[in-house]
file protein-v6.cif (mmCIF, C-alpha atoms)
data_structure
#
loop_
_atom_site.group_PDB
_atom_site.id
_atom_site.type_symbol
_atom_site.label_atom_id
_atom_site.label_comp_id
_atom_site.auth_asym_id
_atom_site.auth_seq_id
_atom_site.Cartn_x
_atom_site.Cartn_y
_atom_site.Cartn_z
ATOM 1 C CA MET A 1 147.798 64.218 104.234
ATOM 2 C CA THR A 2 151.330 62.925 104.348
ATOM 3 C CA VAL A 3 154.457 65.062 104.245
ATOM 4 C CA ALA A 4 155.394 63.329 100.979
ATOM 5 C CA ALA A 5 152.129 64.491 99.410
ATOM 6 C CA LEU A 6 152.853 68.067 100.445
ATOM 7 C CA SER A 7 156.198 68.071 98.644
ATOM 8 C CA MET A 8 154.769 67.074 95.246
ATOM 9 C CA HIS A 9 154.558 69.292 92.184
ATOM 10 C CA ALA A 10 151.279 70.124 90.459
ATOM 11 C CA ASP A 11 151.967 67.606 87.670
ATOM 12 C CA ASP A 12 152.495 64.866 90.262
ATOM 13 C CA VAL A 13 149.192 65.712 91.909
ATOM 14 C CA ASP A 14 147.439 65.642 88.526
ATOM 15 C CA VAL A 15 148.796 62.142 87.833
ATOM 16 C CA LEU A 16 147.742 60.877 91.259
ATOM 17 C CA ALA A 17 144.329 62.534 91.141
ATOM 18 C CA GLY A 18 143.592 61.225 87.652
ATOM 19 C CA ALA A 19 144.454 57.668 88.603
ATOM 20 C CA LEU A 20 142.569 57.889 91.877
ATOM 21 C CA TYR A 21 139.423 59.375 90.334
ATOM 22 C CA THR A 22 139.458 56.742 87.587
ATOM 23 C CA TRP A 23 140.015 53.851 90.008
ATOM 24 C CA CYS A 24 137.278 55.029 92.378
ATOM 25 C CA ALA A 25 134.822 55.663 89.528
ATOM 26 C CA GLU A 26 135.389 52.143 88.172
ATOM 27 C CA ARG A 27 134.382 50.762 91.576
ATOM 28 C CA ASN A 28 131.714 53.295 92.495
ATOM 29 C CA ILE A 29 133.714 54.394 95.552
ATOM 30 C CA LYS A 30 133.322 57.902 96.918
ATOM 31 C CA LEU A 31 136.697 59.603 97.083
ATOM 32 C CA LEU A 32 135.896 61.207 100.426
ATOM 33 C CA SER A 33 134.950 57.907 102.046
ATOM 34 C CA GLN A 34 137.233 55.929 104.327
ATOM 35 C CA GLN A 35 137.927 53.482 101.498
ATOM 36 C CA GLY A 36 138.661 56.306 99.056
ATOM 37 C CA LEU A 37 141.090 57.934 101.465
ATOM 38 C CA SER A 38 142.811 54.606 102.092
ATOM 39 C CA ILE A 39 143.253 54.108 98.344
ATOM 40 C CA ALA A 40 144.646 57.650 98.071
ATOM 41 C CA ASN A 41 147.339 56.782 100.617
ATOM 42 C CA ILE A 42 148.165 53.586 98.742
ATOM 43 C CA ALA A 43 148.343 55.516 95.452
ATOM 44 C CA ILE A 44 150.798 57.994 96.999
ATOM 45 C CA ASP A 45 152.967 55.117 98.225
ATOM 46 C CA LEU A 46 152.847 53.481 94.783
ATOM 47 C CA TYR A 47 153.787 56.779 93.151
ATOM 48 C CA HIS A 48 156.839 57.088 95.382
ATOM 49 C CA ALA A 49 157.690 53.456 94.639
ATOM 50 C CA GLY A 50 158.130 54.349 90.961
ATOM 51 C CA HIS A 51 154.665 54.154 89.380
ATOM 52 C CA GLN A 52 154.758 57.746 88.140
ATOM 53 C CA THR A 53 152.264 57.838 85.288
ATOM 54 C CA GLN A 54 148.518 57.524 85.515
ATOM 55 C CA ASP A 55 148.575 54.254 83.575
ATOM 56 C CA GLN A 56 151.313 52.786 85.785
ATOM 57 C CA LEU A 57 149.395 53.768 88.909
ATOM 58 C CA LEU A 58 146.163 52.235 87.629
ATOM 59 C CA VAL A 59 147.923 48.966 86.806
ATOM 60 C CA ALA A 60 149.563 48.927 90.242
ATOM 61 C CA LEU A 61 146.260 49.690 91.976
ATOM 62 C CA HIS A 62 144.536 46.913 89.999
ATOM 63 C CA ASP A 63 147.300 44.547 91.096
ATOM 64 C CA CYS A 64 146.803 45.383 94.789
ATOM 65 C CA ASP A 65 144.704 43.024 96.842
ATOM 66 C CA PHE A 66 141.936 45.080 98.516
ATOM 67 C CA HIS A 67 139.740 43.048 100.854
#
call {"tool": "encode", "arguments": {"input": "protein-v6.cif", "output": "structure tokens"}}
result
Amino acid sequence: MTVAALSMHADDVDVLAGALYTWCAERNIKLLSQQGLSIANIAIDLYHAGHQTQDQLLVALHDCDFH
């Protein structure tokens, strides 16, 4: 877990978790897999980059190129 993630408020965590759970469920990815954890780190970075609602995070995650 990053230091940035530790300094978030409960509402921030709810936004991130909601987007992450939705994104992983759409792709049948287990959250506690290596891919799920990698996406969690990307979601945190996107959140800090200004995508601070669940919808904004989902759009940003969909726009990312994951290969």
call {"tool": "resolve_selection", "arguments": {"input": "protein-v6.cif", "expression": "the PyMOL selection byres ((chain A and resi 32-42) around 9)", "output": "PyMOL selection string"}}
result
chain A and resi 1-2+16-17+20+23-24+29-31+43-47+61
call {"tool": "write_last_selection", "arguments": {"input": "protein-v6.cif", "atoms": "C-alpha atoms", "output": "PDB file, in the coordinates of the input"}}
result
ATOM      1  CA  MET A   1     147.798  64.218 104.234  1.00  0.00           C
ATOM      2  CA  THR A   2     151.330  62.925 104.348  1.00  0.00           C
ATOM      3  CA  LEU A  16     147.742  60.877  91.259  1.00  0.00           C
ATOM      4  CA  ALA A  17     144.329  62.534  91.141  1.00  0.00           C
ATOM      5  CA  LEU A  20     142.569  57.889  91.877  1.00  0.00           C
ATOM      6  CA  TRP A  23     140.015  53.851  90.008  1.00  0.00           C
ATOM      7  CA  CYS A  24     137.278  55.029  92.378  1.00  0.00           C
ATOM      8  CA  ILE A  29     133.714  54.394  95.552  1.00  0.00           C
ATOM      9  CA  LYS A  30     133.322  57.902  96.918  1.00  0.00           C
ATOM     10  CA  LEU A  31     136.697  59.603  97.083  1.00  0.00           C
ATOM     11  CA  ALA A  43     148.343  55.516  95.452  1.00  0.00           C
ATOM     12  CA  ILE A  44     150.798  57.994  96.999  1.00  0.00           C
ATOM     13  CA  ASP A  45     152.967  55.117  98.225  1.00  0.00           C
ATOM     14  CA  LEU A  46     152.847  53.481  94.783  1.00  0.00           C
ATOM     15  CA  TYR A  47     153.787  56.779  93.151  1.00  0.00           C
ATOM     16  CA  LEU A  61     146.260  49.690  91.976  1.00  0.00           C
TER      17      LEU A  61
END
call {"tool": "atom_distance", "arguments": {"input": "protein-v6.cif", "atom1": "CA of Ala19 (chain A)", "atom2": "CA of His62 (chain A)"}}
result
10.8 Å
call {"tool": "axis_aligned_box", "arguments": {"input": "protein-v6.cif", "around": "region 58-66 of chain A", "padding_each_side": "8 Å", "output": "AutoDock Vina command-line options"}}
result
--center_x 145.7 --center_y 47.6 --center_z 92.7 --size_x 23.6 --size_y 25.2 --size_z 27.7
call {"tool": "resolve_selection", "arguments": {"input": "protein-v6.cif", "expression": "the PyMOL selection byres ((chain A and resi 54) around 7)", "output": "PDB file with C-alpha atoms, in the coordinates of the input"}}
result
ATOM      1  CA  VAL A  15     148.796  62.142  87.833  1.00  0.00           C
ATOM      2  CA  LEU A  16     147.742  60.877  91.259  1.00  0.00           C
ATOM      3  CA  GLY A  18     143.592  61.225  87.652  1.00  0.00           C
ATOM      4  CA  ALA A  19     144.454  57.668  88.603  1.00  0.00           C
ATOM      5  CA  GLN A  52     154.758  57.746  88.140  1.00  0.00           C
ATOM      6  CA  THR A  53     152.264  57.838  85.288  1.00  0.00           C
ATOM      7  CA  ASP A  55     148.575  54.254  83.575  1.00  0.00           C
ATOM      8  CA  GLN A  56     151.313  52.786  85.785  1.00  0.00           C
ATOM      9  CA  LEU A  57     149.395  53.768  88.909  1.00  0.00           C
ATOM     10  CA  LEU A  58     146.163  52.235  87.629  1.00  0.00           C
TER      11      LEU A  58
END
call {"tool": "atom_distance", "arguments": {"input": "protein-v6.cif", "atom1": "CA of His9 (chain A)", "atom2": "CA of His48 (chain A)"}}
result
12.8 Å
call {"tool": "decode", "arguments": {"input": "protein-v6.cif", "residues": "region 43-55 of chain A", "atoms": "all heavy atoms", "output": "short mmCIF file (atom, residue, chain, number, x, y, z; two decimals), in the first residue's frame"}}
result
data_model
loop_
_atom_site.label_atom_id
_atom_site.label_comp_id
_atom_site.auth_asym_id
_atom_site.auth_seq_id
_atom_site.Cartn_x
_atom_site.Cartn_y
_atom_site.Cartn_z
N ALA A 43 -5.43 2.88 -10.23
CA ALA A 43 -6.61 3.64 -9.81
C ALA A 43 -6.23 4.71 -8.79
O ALA A 43 -6.73 5.84 -8.85
CB ALA A 43 -7.67 2.70 -9.24
N ILE A 44 -5.35 4.38 -7.86
CA ILE A 44 -4.89 5.37 -6.88
C ILE A 44 -4.18 6.52 -7.58
O ILE A 44 -4.43 7.69 -7.28
CB ILE A 44 -3.97 4.71 -5.83
CG1 ILE A 44 -4.81 3.78 -4.94
CG2 ILE A 44 -3.26 5.78 -4.98
CD1 ILE A 44 -3.98 2.87 -4.05
N ASP A 45 -3.32 6.20 -8.53
CA ASP A 45 -2.62 7.25 -9.29
C ASP A 45 -3.60 8.12 -10.06
O ASP A 45 -3.46 9.35 -10.09
CB ASP A 45 -1.60 6.63 -10.26
CG ASP A 45 -0.41 6.01 -9.54
OD1 ASP A 45 -0.18 6.33 -8.35
OD2 ASP A 45 0.29 5.20 -10.18
N LEU A 46 -4.60 7.49 -10.68
CA LEU A 46 -5.61 8.25 -11.43
C LEU A 46 -6.42 9.14 -10.49
O LEU A 46 -6.75 10.28 -10.83
CB LEU A 46 -6.54 7.29 -12.18
CG LEU A 46 -5.92 6.57 -13.37
CD1 LEU A 46 -6.86 5.46 -13.87
CD2 LEU A 46 -5.60 7.55 -14.49
N TYR A 47 -6.72 8.65 -9.31
CA TYR A 47 -7.46 9.43 -8.33
C TYR A 47 -6.67 10.70 -7.97
O TYR A 47 -7.21 11.80 -7.96
CB TYR A 47 -7.74 8.60 -7.09
CG TYR A 47 -8.57 9.34 -6.07
CD1 TYR A 47 -9.95 9.33 -6.15
CD2 TYR A 47 -7.97 10.06 -5.04
CE1 TYR A 47 -10.72 10.02 -5.23
CE2 TYR A 47 -8.73 10.75 -4.12
CZ TYR A 47 -10.10 10.72 -4.22
OH TYR A 47 -10.85 11.42 -3.31
N HIS A 48 -5.40 10.52 -7.71
CA HIS A 48 -4.55 11.66 -7.36
C HIS A 48 -4.31 12.59 -8.55
O HIS A 48 -3.97 13.76 -8.36
CB HIS A 48 -3.22 11.19 -6.76
CG HIS A 48 -3.38 10.67 -5.36
ND1 HIS A 48 -3.73 11.47 -4.30
CD2 HIS A 48 -3.28 9.42 -4.87
CE1 HIS A 48 -3.83 10.74 -3.21
NE2 HIS A 48 -3.57 9.49 -3.53
N ALA A 49 -4.52 12.08 -9.75
CA ALA A 49 -4.37 12.91 -10.95
C ALA A 49 -5.64 13.72 -11.24
O ALA A 49 -5.67 14.48 -12.20
CB ALA A 49 -4.02 12.03 -12.15
N GLY A 50 -6.69 13.54 -10.42
CA GLY A 50 -7.88 14.37 -10.58
C GLY A 50 -9.16 13.64 -10.91
O GLY A 50 -10.22 14.25 -10.99
N HIS A 51 -9.11 12.34 -11.09
CA HIS A 51 -10.31 11.54 -11.38
C HIS A 51 -10.90 11.12 -10.04
O HIS A 51 -10.64 10.02 -9.56
CB HIS A 51 -9.96 10.33 -12.24
CG HIS A 51 -9.25 10.68 -13.50
ND1 HIS A 51 -9.91 11.14 -14.61
CD2 HIS A 51 -7.93 10.67 -13.81
CE1 HIS A 51 -9.02 11.37 -15.57
NE2 HIS A 51 -7.81 11.10 -15.10
N GLN A 52 -11.71 12.00 -9.42
CA GLN A 52 -12.08 11.79 -8.03
C GLN A 52 -13.53 11.37 -7.79
O GLN A 52 -14.01 11.44 -6.67
CB GLN A 52 -11.72 13.02 -7.22
CG GLN A 52 -10.22 13.24 -7.23
CD GLN A 52 -9.76 14.31 -6.28
OE1 GLN A 52 -10.52 15.17 -5.87
NE2 GLN A 52 -8.50 14.26 -5.93
N THR A 53 -14.19 10.90 -8.82
CA THR A 53 -15.49 10.25 -8.63
C THR A 53 -15.39 8.85 -9.21
O THR A 53 -14.49 8.55 -10.01
CB THR A 53 -16.64 11.00 -9.33
OG1 THR A 53 -16.48 10.89 -10.75
CG2 THR A 53 -16.71 12.46 -8.92
N GLN A 54 -16.31 8.00 -8.81
CA GLN A 54 -16.28 6.63 -9.31
C GLN A 54 -16.43 6.60 -10.83
O GLN A 54 -15.72 5.87 -11.51
CB GLN A 54 -17.38 5.80 -8.65
CG GLN A 54 -17.32 4.34 -9.01
CD GLN A 54 -18.26 3.49 -8.19
OE1 GLN A 54 -18.61 3.84 -7.08
NE2 GLN A 54 -18.66 2.36 -8.74
N ASP A 55 -17.33 7.41 -11.35
CA ASP A 55 -17.52 7.45 -12.81
C ASP A 55 -16.27 7.94 -13.53
O ASP A 55 -15.89 7.38 -14.56
CB ASP A 55 -18.71 8.34 -13.17
CG ASP A 55 -20.05 7.71 -12.80
OD1 ASP A 55 -20.11 6.47 -12.64
OD2 ASP A 55 -21.03 8.46 -12.68
#
